[in-house]
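Chemist: Pasting a structure here, questions to come.
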Amino acid sequence: MSKIYFLCTGNSCRSQMAEGFAKKYFPPNWKIRSAGVETHGLNPRAVQVMKELNIDISANTSDLIDSDYFDHSDIIITLCGDAKDKCPIPPSQVRSLHWDLTDPAKATGTEEEMMAEFRKTRDTIEEKMKKLVADFIE
């Protein structure tokens, strides 16, 4: 079984959305997880914008990086500079990618402006996920 690991700072938004999209687009024989260098809890706005696309991440948990899963992953994707800088160096056999995404949790303004940032990040992740699946599966 192939494994993919999505990593960001707090495992609350970007990596959670990536995990949700990966579970939608990757075949069921792939094991998919996300984690952070810290745990910040699941961001309710991330849950809400994913629900808009009928992807339920509400039962996900905010987890710290599991070194065993990390060491045995086939693909590791960091979703922010902080995770890229603070993550352990992946083993040589692991395909490592970096998607430098803005943290929507840092958005300010009205509720609608903040939600717009979450949707923008969500849509960017979905585009990248479709390309990733095309590169690795099709």
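Ordering of the structure tokens sets the chain letters (A, B, ...); residue numbers start at 1 within each chain; ligands are numbered from 1 in the order shown.
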I need the strand (DSSP E) residues of stretch 35-122 of chain A per DSSP on the backbone, written as a VMD selection string.

Modeler: chain A and resid 35 to 36 75 to 78 95 to 98

Chemist: Can you write just those residues out, N, CA and C atoms, as a JSON list (two decimals), in the first residue's frame?

Modeler:
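Output saved as part.json:
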```json
[["chain", "number", "residue", "atom", "x", "y", "z"],
["A", 35, "ALA", "N", -0.44, 15.83, 9.14],
["A", 35, "ALA", "CA", 0.08, 16.11, 10.47],
["A", 35, "ALA", "C", 0.73, 17.49, 10.47],
["A", 36, "GLY", "N", 1.15, 17.91, 11.65],
["A", 36, "GLY", "CA", 1.82, 19.20, 11.76],
["A", 36, "GLY", "C", 3.02, 19.13, 12.68],
["A", 75, "ILE", "N", 5.24, 9.54, -0.57],
["A", 75, "ILE", "CA", 5.23, 10.95, -0.93],
["A", 75, "ILE", "C", 5.00, 11.76, 0.34],
["A", 76, "ILE", "N", 5.82, 12.79, 0.53],
["A", 76, "ILE", "CA", 5.61, 13.75, 1.62],
["A", 76, "ILE", "C", 5.48, 15.12, 0.98],
["A", 77, "ILE", "N", 4.40, 15.82, 1.34],
["A", 77, "ILE", "CA", 4.18, 17.15, 0.79],
["A", 77, "ILE", "C", 4.06, 18.14, 1.94],
["A", 78, "THR", "N", 4.97, 19.11, 1.97],
["A", 78, "THR", "CA", 4.86, 20.20, 2.93],
["A", 78, "THR", "C", 4.04, 21.30, 2.27],
["A", 95, "ARG", "N", 9.57, 10.52, -2.03],
["A", 95, "ARG", "CA", 9.38, 11.66, -2.95],
["A", 95, "ARG", "C", 8.89, 12.82, -2.12],
["A", 96, "SER", "N", 9.62, 13.90, -2.09],
["A", 96, "SER", "CA", 9.28, 15.06, -1.28],
["A", 96, "SER", "C", 8.92, 16.25, -2.17],
["A", 97, "LEU", "N", 7.76, 16.84, -1.91],
["A", 97, "LEU", "CA", 7.28, 17.99, -2.67],
["A", 97, "LEU", "C", 6.95, 19.12, -1.70],
["A", 98, "HIS", "N", 6.97, 20.34, -2.22],
["A", 98, "HIS", "CA", 6.60, 21.50, -1.39],
["A", 98, "HIS", "C", 5.59, 22.35, -2.13]]
```

Chemist: When you look at stretch 43-56 of chain A with a cut-off of 8 Å (counting only C-alpha atoms), what residues show up, excluding the ones that are within fewer than 2 positions of it in the same chain? I need them as a VMD selection string.

Modeler: chain A and resid 12 to 14 16 to 17 20 to 21 24 41 58 to 59 105 115 118 to 119 122

Chemist: Which residue is closest to A:Pro104? Choose from A:Lys128, A:Lys120, A:Thr9, A:Pro90 and count only C-alpha atoms.

Modeler: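 Of the candidates, the smallest distance to A:Pro104 is held by A:Lys120.
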
Chemist: Where in chain A does DSSP assign alpha helix (DSSP H), given as a PyMOL selection string?

Modeler: chain A and resi 14-25+44-51+67-71+81-86+111-136

Chemist: Return the single residue from A:Gln93, A:Ser73, A:Lys31, A:Trp99 that is closest to A:Leu132, with distances computed using only C-alpha atoms.

Modeler: A:Trp99

Chemist: Find the spatial neighbours of A:Thr39, counting only C-alpha atoms, within a cut-off of 10 Å - ignore same-chain residues fewer than 5 positions away - and output them as a PyMOL selection string.

Modeler: chain A and resi 8-12+61-65
